[in-house]
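Below: work_27.cif (mmCIF, C-alpha atoms and all ligand atoms)
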```cif
data_final
loop_
_atom_site.label_atom_id
_atom_site.label_comp_id
_atom_site.auth_asym_id
_atom_site.auth_seq_id
_atom_site.Cartn_x
_atom_site.Cartn_y
_atom_site.Cartn_z
CA MET A 1 57.30 47.26 -127.35
CA TYR A 2 57.38 49.87 -130.10
CA ARG A 3 54.38 48.21 -131.73
CA ALA A 4 52.44 48.31 -128.48
CA ILE A 5 53.33 51.98 -127.98
CA ALA A 6 52.31 52.93 -131.52
CA SER A 7 49.05 50.98 -131.51
CA ARG A 8 47.88 51.90 -128.00
CA ARG A 9 44.70 53.98 -128.13
CA ASP A 10 42.47 55.83 -125.75
CA VAL A 11 39.29 53.79 -126.18
CA ARG A 12 35.80 55.16 -125.55
CA ALA A 13 33.34 53.76 -128.09
CA GLN A 14 34.72 50.35 -129.03
CA PHE A 15 34.27 48.34 -125.81
CA VAL A 16 32.53 44.95 -126.08
CA GLU A 17 30.69 43.18 -123.25
CA ASP A 18 33.13 40.28 -122.78
CA ASP A 19 34.26 39.96 -119.22
CA VAL A 20 37.89 40.59 -118.29
CA PRO A 21 39.18 37.47 -116.48
CA GLN A 22 40.78 38.11 -113.12
CA ASP A 23 44.13 36.57 -114.14
CA VAL A 24 44.38 38.90 -117.16
CA LEU A 25 43.51 41.90 -115.02
CA LEU A 26 46.12 40.87 -112.46
CA ARG A 27 48.81 40.62 -115.16
CA VAL A 28 48.01 44.16 -116.25
CA LEU A 29 48.02 45.43 -112.66
CA GLU A 30 51.31 43.60 -112.06
CA ALA A 31 52.79 45.56 -114.99
CA ALA A 32 51.49 48.77 -113.44
CA HIS A 33 53.01 47.78 -110.10
CA HIS A 34 56.43 47.37 -111.79
CA ALA A 35 56.52 51.07 -112.71
CA PRO A 36 59.36 53.27 -111.51
CA SER A 37 58.53 55.31 -108.42
CA VAL A 38 60.31 58.03 -106.50
CA GLY A 39 62.34 56.46 -103.67
CA LEU A 40 60.66 53.13 -104.52
CA SER A 41 57.65 54.54 -102.72
CA GLN A 42 55.08 52.76 -104.93
CA PRO A 43 52.50 55.29 -103.74
CA TRP A 44 49.69 54.01 -105.99
CA ARG A 45 46.58 52.01 -105.23
CA PHE A 46 44.17 50.56 -107.79
CA VAL A 47 40.48 50.54 -106.92
CA VAL A 48 38.93 48.00 -109.29
CA VAL A 49 35.27 48.77 -109.94
CA ARG A 50 33.10 46.15 -111.59
CA SER A 51 29.74 47.03 -109.99
CA ALA A 52 27.23 48.33 -112.55
CA ALA A 53 25.66 50.56 -109.88
CA THR A 54 28.97 52.23 -109.07
CA ARG A 55 29.79 52.69 -112.76
CA ALA A 56 26.33 54.23 -113.29
CA ALA A 57 26.97 56.70 -110.44
CA VAL A 58 30.35 57.64 -111.94
CA HIS A 59 28.68 58.04 -115.33
CA ASP A 60 26.16 60.46 -113.80
CA ALA A 61 29.09 62.44 -112.38
CA PHE A 62 30.65 62.47 -115.87
CA LEU A 63 27.41 63.78 -117.43
CA ALA A 64 27.24 66.65 -114.94
CA ALA A 65 30.90 67.59 -115.47
CA ASN A 66 30.67 67.23 -119.23
CA GLU A 67 27.78 69.67 -119.45
CA CYS A 68 29.92 72.36 -117.78
CA ALA A 69 32.99 71.38 -119.83
CA GLY A 70 31.13 71.79 -123.13
CA ALA A 71 29.68 75.16 -122.11
CA ILE A 72 33.01 77.02 -122.41
CA TYR A 73 33.20 76.61 -126.20
CA ASP A 74 31.65 78.89 -128.81
CA ASP A 75 29.53 77.86 -131.76
CA ASP A 76 31.39 75.47 -134.09
CA ARG A 77 33.77 74.15 -131.42
CA GLN A 78 30.81 73.53 -129.10
CA SER A 79 28.86 71.60 -131.71
CA ALA A 80 32.02 69.55 -132.39
CA TYR A 81 32.48 68.97 -128.63
CA VAL A 82 29.00 67.58 -128.05
CA LYS A 83 29.55 65.05 -130.84
CA LEU A 84 32.69 63.63 -129.19
CA ARG A 85 32.45 60.37 -127.29
CA LEU A 86 34.53 61.04 -124.19
CA GLU A 87 34.04 58.02 -121.93
CA GLY A 88 33.22 54.32 -121.81
CA ILE A 89 32.33 54.13 -118.11
CA ARG A 90 29.27 51.89 -118.45
CA THR A 91 30.25 49.98 -121.58
CA ALA A 92 33.65 48.89 -120.24
CA PRO A 93 33.11 46.01 -117.78
CA VAL A 94 35.97 47.14 -115.56
CA ASN A 95 36.77 50.62 -114.28
CA ILE A 96 39.92 51.35 -112.28
CA CYS A 97 40.33 54.40 -110.07
CA VAL A 98 44.08 54.94 -109.69
CA VAL A 99 44.99 56.91 -106.60
CA CYS A 100 48.20 58.14 -104.98
CA ASP A 101 49.05 58.32 -101.30
CA GLU A 102 51.30 61.37 -101.30
CA SER A 103 51.84 61.11 -97.56
CA THR A 104 53.34 57.62 -97.70
CA SER A 105 56.47 57.09 -95.62
CA ARG A 106 57.60 54.44 -98.09
CA GLY A 107 60.83 55.51 -99.76
CA HIS A 108 61.67 57.59 -96.66
CA GLY A 109 61.08 60.83 -98.58
CA LEU A 110 63.92 60.14 -101.03
CA GLY A 111 63.51 62.48 -104.03
CA ARG A 112 60.37 64.05 -102.65
CA GLN A 113 61.92 66.78 -100.49
CA THR A 114 62.67 68.87 -103.55
CA MET A 115 59.86 67.64 -105.76
CA PRO A 116 56.95 66.28 -103.72
CA GLU A 117 54.85 66.04 -106.88
CA THR A 118 57.01 63.11 -108.02
CA ALA A 119 54.75 60.77 -106.01
CA ARG A 120 51.96 61.71 -108.41
CA TYR A 121 54.28 61.41 -111.41
CA SER A 122 55.21 57.89 -110.26
CA THR A 123 51.54 56.98 -110.23
CA VAL A 124 51.19 58.25 -113.79
CA CYS A 125 54.11 55.95 -114.74
CA ALA A 126 52.05 53.07 -113.32
CA VAL A 127 49.08 54.14 -115.43
CA GLN A 128 51.22 54.14 -118.56
CA ASN A 129 52.55 50.64 -117.81
CA LEU A 130 48.97 49.49 -117.27
CA TRP A 131 47.86 51.08 -120.55
CA LEU A 132 50.62 49.40 -122.58
CA ALA A 133 50.23 45.99 -120.90
CA ALA A 134 46.49 46.19 -121.55
CA ARG A 135 47.21 46.83 -125.24
CA VAL A 136 49.35 43.68 -125.39
CA GLU A 137 46.46 41.74 -123.79
CA GLY A 138 44.04 43.12 -126.41
CA LEU A 139 42.33 45.27 -123.77
CA GLY A 140 41.36 48.86 -124.46
CA VAL A 141 41.79 51.59 -121.85
CA GLY A 142 40.10 54.99 -121.75
CA TRP A 143 41.18 57.68 -119.30
CA VAL A 144 38.30 59.88 -118.09
CA SER A 145 39.21 63.18 -116.47
CA ILE A 146 35.87 64.90 -117.06
CA ILE A 147 34.55 64.09 -113.57
CA ASP A 148 34.52 66.31 -110.49
CA PRO A 149 37.15 64.66 -108.25
CA ALA A 150 35.03 65.40 -105.16
CA ALA A 151 32.09 63.50 -106.65
CA LEU A 152 34.36 60.59 -107.63
CA ARG A 153 35.95 60.58 -104.18
CA ALA A 154 32.53 60.20 -102.56
CA ILE A 155 31.38 57.44 -104.93
CA VAL A 156 34.56 55.34 -104.72
CA GLY A 157 35.27 56.14 -101.04
CA VAL A 158 38.73 57.65 -101.51
CA PRO A 159 39.94 59.27 -98.24
CA PRO A 160 40.66 63.04 -98.30
CA ALA A 161 44.44 62.57 -97.88
CA VAL A 162 44.70 60.39 -100.99
CA THR A 163 44.94 61.99 -104.46
CA ILE A 164 42.84 60.73 -107.34
CA VAL A 165 45.16 60.45 -110.35
CA ALA A 166 43.18 58.59 -113.01
CA TYR A 167 39.82 57.02 -113.71
CA LEU A 168 40.23 54.30 -116.32
CA CYS A 169 37.69 52.30 -118.33
CA VAL A 170 39.05 48.86 -119.26
CA GLY A 171 37.67 46.12 -121.48
CA TYR A 172 38.05 44.12 -124.66
CA VAL A 173 37.38 46.08 -127.84
CA SER A 174 35.91 45.48 -131.27
CA THR A 175 38.86 47.27 -132.83
CA PHE A 176 41.84 49.49 -132.05
CA GLU A 177 41.64 52.51 -134.32
CA SER A 178 44.87 53.46 -136.10
CA GLU A 179 44.52 57.15 -135.17
CA PRO A 180 43.36 58.90 -131.98
CA ASP A 181 39.63 59.62 -131.89
CA LEU A 182 40.36 63.35 -131.58
CA VAL A 183 42.36 63.27 -134.81
CA ARG A 184 39.64 61.31 -136.60
CA ALA A 185 37.03 63.81 -135.37
CA GLY A 186 39.11 66.79 -136.56
CA TRP A 187 39.40 68.14 -132.99
CA GLU A 188 43.21 68.17 -132.79
CA THR A 189 46.26 67.12 -134.80
CA HIS A 190 49.61 65.50 -133.91
CA VAL A 191 52.61 67.69 -133.14
CA PRO A 192 55.63 66.67 -135.26
CA LEU A 193 58.47 65.28 -133.13
CA ALA A 194 60.91 67.88 -134.49
CA ASP A 195 58.74 70.64 -132.95
CA VAL A 196 59.30 69.37 -129.41
CA ILE A 197 63.07 68.76 -129.47
CA ASP A 198 65.29 71.62 -128.34
CA ARG A 199 69.08 71.88 -128.38
CA GLU A 200 70.88 72.75 -125.17
CA ARG A 201 68.46 75.47 -124.05
CA TYR A 202 64.69 75.67 -123.88
CA GLY A 203 63.19 76.93 -127.11
CA GLU A 204 66.43 76.70 -129.11
CA ARG A 205 66.14 74.50 -132.18
C1 LIG A 301 45.64 62.64 -118.37
C2 LIG A 301 44.69 62.26 -119.49
C3 LIG A 301 43.34 62.57 -119.37
C4 LIG A 301 42.44 62.23 -120.40
N1 LIG A 301 41.11 62.49 -120.25
C5 LIG A 301 40.25 62.10 -121.23
C6 LIG A 301 38.84 62.26 -121.08
O1 LIG A 301 38.33 62.73 -120.07
N2 LIG A 301 38.04 61.85 -122.08
C7 LIG A 301 38.56 61.30 -123.22
O2 LIG A 301 37.79 60.94 -124.11
N3 LIG A 301 39.89 61.12 -123.38
C8 LIG A 301 40.72 61.50 -122.42
N4 LIG A 301 42.07 61.29 -122.57
C9 LIG A 301 42.56 60.63 -123.81
C10 LIG A 301 43.19 61.60 -124.79
O3 LIG A 301 42.21 62.37 -125.43
C11 LIG A 301 43.98 60.76 -125.80
O4 LIG A 301 45.04 60.12 -125.12
C12 LIG A 301 44.56 61.61 -126.94
O5 LIG A 301 43.53 62.15 -127.72
C13 LIG A 301 45.48 60.77 -127.84
O6 LIG A 301 44.80 59.64 -128.29
P1 LIG A 301 45.40 58.18 -128.09
O7 LIG A 301 45.54 57.97 -126.59
O8 LIG A 301 44.38 57.25 -128.70
O9 LIG A 301 46.73 58.14 -128.75
C14 LIG A 301 42.95 61.61 -121.57
C15 LIG A 301 44.32 61.29 -121.65
C16 LIG A 301 45.18 61.62 -120.64
C17 LIG A 301 46.64 61.25 -120.76
#
```

Take the structure from the file and write it as structure tokens.
Amino acid sequence: MYRAIASRRDVRAQFVEDDVPQDVLLRVLEAAHHAPSVGLSQPWRFVVVRSAATRAAVHDAFLAANECAGAIYDDDRQSAYVKLRLEGIRTAPVNICVVCDESTSRGHGLGRQTMPETARYSTVCAVQNLWLAARVEGLGVGWVSIIDPAALRAIVGVPPAVTIVAYLCVGYVSTFESEPDLVRAGWETHVPLADVIDRERYGER
């Protein structure tokens, strides 16, 4: 488990064309479906996209969003941004749109009266299970958030009452890098663990 956690990567550029067999995909989705959820609501749903036409439409939506996203940076940061590879939508043979039905009656509202957002958090737990199980299967996963959710909603047919949580690119990879792409590109560094552990009260070391 610790090995899987440490060697999991967000994959964008290393996808290969090999198909992902249905039984392997189902194992990974089964792991996602075993995630903890508030009130045992299991509010998630996984829209598996294999169609090249749909992936091309999502890629177009990414390109539009990415142009705006890159525009906020000045000079050096902007030239670094445009060099980053930030998606594998068309190169990964499988895309999964993970959504959350926040209005589900499952779980009878347990835990959601005080913190309704926990339905979404539960769905993120499912994504993490999926990501780790995929790593064990030798499958890379890349999470793409640089897409206008309204555009994605229209392409994938997600109803207005359902929240889009994640758009994932999934496929076999040529290699799992040992460091995050953003570290290798000099975009960001790791925060040491000691910097995020407080004693008794927030901010107290
Ligand atoms: C909620 C979320 C959204 C993300 N969105 C993107 C994205 O749009 N494009 C991208 O290239 N990576 C995206 N990532 C991946 C992160 O950049 C990556 O997890 C981080 O750099 C650490 O790298 P690692 O996952 O390989 O350890 C996202 C990750 C998370 C958790």

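You can rank A:Gly186, A:Pro36, A:Pro21, A:Pro180 by their closest distance to ligand LIG 301 (chain A) using all atoms listed in the file, and at the top of that list sits A:Pro180.
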
Using only C-alpha atoms and all ligand atoms, what does the table of chain A residues within 6 Å of ligand LIG 301 (chain A) look like, with each row giving the shortest atom pair and its distance in Å to one decimal, sorted by chain and ascending number, as a Markdown table?
```
| residue | atom | partner | partner_atom | distance |
| --- | --- | --- | --- | --- |
| A:Arg9 | CA | A:LIG301 | O8 | 3.3 |
| A:Asp10 | CA | A:LIG301 | O8 | 3.8 |
| A:Leu86 | CA | A:LIG301 | O2 | 3.3 |
| A:Glu87 | CA | A:LIG301 | O2 | 5.2 |
| A:Trp143 | CA | A:LIG301 | C4 | 4.8 |
| A:Val144 | CA | A:LIG301 | O1 | 3.5 |
| A:Ser145 | CA | A:LIG301 | O1 | 3.7 |
| A:Ile146 | CA | A:LIG301 | O1 | 4.5 |
| A:Pro180 | CA | A:LIG301 | O8 | 3.8 |
| A:Leu182 | CA | A:LIG301 | O5 | 5.1 |
```

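Compared by their closest atoms to A:Leu29, and using all atoms listed in the file, the residues A:Ala185, A:Val136, A:Ala126, A:Val49 rank with A:Ala126 nearest.
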
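Between A:Gly138 and the residues A:Ala32, A:Ala154, A:Leu25, A:Ile164, the shortest atom-to-atom distance, using all atoms listed in the file, involves A:Leu25.
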
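Between A:Asp76 and the candidates A:Trp131, A:Tyr202, A:Phe62, A:Trp187, the tightest atom-to-atom separation, counting only C-alpha atoms, involves A:Trp187.
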
Original post:
Could you name the residues that touch stretch 77-83 of chain A at 10 Å or less, counting all atoms listed in the file, but leaving out those on the same chain fewer than 4 positions away, as a ChimeraX atom specification?
Top reply: /A:66-67,69-73,185-187

**OP:** Point out the residue among A:Ala133, A:Leu63, A:Cys100, A:Val48 with the least atom-to-atom distance to A:Arg27, counting all atoms listed in the file.
**Re:** A:Ala133

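For the pair atom CA of A:Ile147 and atom CA of A:Gln14, the separation is 20.7 Å.
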
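For A:Ser103, the residues within 9 Å (counting all atoms listed in the file, excluding itself and residues fewer than 4 positions away along the chain) are Pro43, Ala119, Ala161 and Val162 of chain A.
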
Subject >> Best match for closeness to A:Val141 among A:Val28, A:Ile155, A:Val191, A:Leu110, counting all atoms listed in the file >> reply: A:Val28

Subject >> Neighbour list for stretch 92-94 of chain A as a PyMOL selection string, cut-off 8 Å, only C-alpha atoms, skip fewer than 3 positions in-chain >> reply: chain A and resi 15-20+48-50+88-89+169-172

Subject >> Computed interatomic separation between atom CA of A:Leu132 and atom CA of A:Met1 (Å) >> reply: 8.5 Å

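One finds atom CA of A:Arg8 at 15.2 Å from atom CA of A:Arg184.
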